[in-house]
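Student: Sharing a structure here in structure tokens format.
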Amino acid sequence: MLGKPVRTCIVCRKSAGKPELLRLVIQNGNVEIDEKKLKGGRGGWIHQNCLQNLKSIKALQFAFRLSNEEVKELQIGKFVKDLSAINLDKNKEQ
Ligand SMILES: [Zn+2]
């Protein structure tokens, strides 16, 4: 029998069940939100409320434990912009 998988948020480091967290994945130099939570590869789990604390390259680098070389290869600036758009969309719905 499978227990409930517990993940740790990459920003606040608190544990939470899979349904409470979003999954971020790094693929082809992009950081994306994996809505189906099925993609393999490098990634991390994060509370929706913690997304707003990931809006800087430094925060992302720390959260994913990226080296400076990896940061250069990733389009993190694009992700930070996408993140702003996501939060804006969410505010519109409320
Ligand atoms: Zn969190």
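Ordering of the structure tokens sets the chain letters (A, B, ...); residue numbers start at 1 within each chain; ligands are numbered from 1 in the order shown.
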Neighbouring residues of Glu20 of chain A were defined as those with any atom within 9 Å, considering only C-alpha atoms; residues of the same chain fewer than 5 positions away were excluded. Please report them as a short mmCIF file (atom, residue, chain, number, x, y, z; two decimals) with C-alpha atoms, in the first residue's frame.
Tutor:
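Written output follows (selection-v8.cif):
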```cif
data_model
loop_
_atom_site.label_atom_id
_atom_site.label_comp_id
_atom_site.auth_asym_id
_atom_site.auth_seq_id
_atom_site.Cartn_x
_atom_site.Cartn_y
_atom_site.Cartn_z
CA ILE A 46 6.63 24.58 -3.97
CA HIS A 47 3.55 26.04 -2.28
CA GLN A 48 1.53 28.30 -4.53
#
```
Student: Residues within 8 Å of segment 58-65 of chain A, please, as a list of chain:residue names. Count only C-alpha atoms; anything in the same chain fewer than 2 positions from it doesn't count.
Tutor: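 Near segment 58-65 of chain A, the qualifying residues are A:Ile10, A:Val11, A:Gly43, A:Gly44, A:Asn53, A:Leu54, A:Lys55, A:Ser56, A:Ser67, A:Val71, A:Ile76.
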Student: Could you give me the residues within chain A that DSSP places in helix (DSSP H, G or I), as a ChimeraX atom specification?
Tutor: /A:18-20,48-54,57-64,68-73,76-93
Student: May I have the selected residues written with C-alpha atoms, as a CSV table (one decimal), in the first residue's frame?
Tutor:
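Now in selection31.csv:
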```
chain,number,residue,atom,x,y,z
A,18,LYS,CA,1.7,16.3,-3.1
A,19,PRO,CA,-1.7,17.9,-3.8
A,20,GLU,CA,-0.8,21.0,-1.8
A,48,GLN,CA,1.5,28.3,-4.5
A,49,ASN,CA,1.9,31.0,-1.9
A,50,CYS,CA,5.7,30.6,-1.9
A,51,LEU,CA,5.9,31.2,-5.7
A,52,GLN,CA,6.0,35.0,-5.0
A,53,ASN,CA,9.2,34.4,-3.0
A,54,LEU,CA,10.9,32.8,-6.0
A,57,ILE,CA,17.4,34.7,-9.8
A,58,LYS,CA,19.1,34.4,-6.5
A,59,ALA,CA,16.1,32.8,-4.9
A,60,LEU,CA,15.8,30.3,-7.7
A,61,GLN,CA,19.4,29.5,-7.6
A,62,PHE,CA,19.2,28.8,-3.9
A,63,ALA,CA,16.0,26.8,-4.1
A,64,PHE,CA,17.3,24.6,-6.9
A,68,ASN,CA,26.6,29.8,-11.4
A,69,GLU,CA,27.3,27.9,-14.6
A,70,GLU,CA,23.8,26.4,-14.5
A,71,VAL,CA,22.2,29.7,-13.9
A,72,LYS,CA,23.9,31.1,-17.0
A,73,GLU,CA,22.5,28.1,-19.1
A,76,ILE,CA,15.7,32.0,-15.5
A,77,GLY,CA,15.0,35.6,-16.4
A,78,LYS,CA,12.2,34.3,-18.6
A,79,PHE,CA,10.8,32.2,-15.8
A,80,VAL,CA,10.7,35.1,-13.4
A,81,LYS,CA,8.7,37.0,-15.9
A,82,ASP,CA,6.3,34.1,-16.5
A,83,LEU,CA,5.9,33.8,-12.7
A,84,SER,CA,4.8,37.4,-12.5
A,85,ALA,CA,2.2,36.7,-15.2
A,86,ILE,CA,0.9,33.7,-13.3
A,87,ASN,CA,0.4,35.7,-10.2
A,88,LEU,CA,-1.4,38.4,-12.1
A,89,ASP,CA,-3.8,35.8,-13.7
A,90,LYS,CA,-4.5,34.5,-10.2
A,91,ASN,CA,-5.4,37.9,-8.9
A,92,LYS,CA,-7.8,38.5,-11.8
A,93,GLU,CA,-9.8,35.4,-10.9
```
Student: Atom CA of Ile33 of chain A and atom CA of Trp45 of chain A are how many Å apart?
Tutor: 9.7 Å
Student: What is the distance between atom CA of Gly41 of chain A and atom CA of Leu74 of chain A, in Å to one decimal?
Tutor: 14.5 Å
Student: Go ahead and compute the interatomic distance for atom CA of Cys12 of chain A and atom CA of Arg42 of chain A, in Å to one decimal.
Tutor: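 Separation of atom CA of Cys12 of chain A and atom CA of Arg42 of chain A: 18.6 Å.
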Student: Counting only C-alpha atoms and all ligand atoms, which of A:Leu38, A:Val31, A:Val6, A:Leu22 gets nearest to ligand 1?
Tutor: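 Of all the options, A:Leu22 lies closest to ligand 1.
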Student: What parts of segment 16-86 of chain A does DSSP call strand (DSSP E)? I'd like the answer as number ranges by chain.
Tutor: A: 16-17, 21-27, 30-34, 43-47
Student: Give me the residues near Arg7 of chain A as a list in words, where near means some atom within 7 Å (using only C-alpha atoms) and where sequence neighbours in that chain fewer than 2 positions away do not count.
Tutor: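 Within the cut-off, the hits are Pro5, Cys9, Ser15, Ala16, Gly17, Lys18 and Trp45 of chain A.
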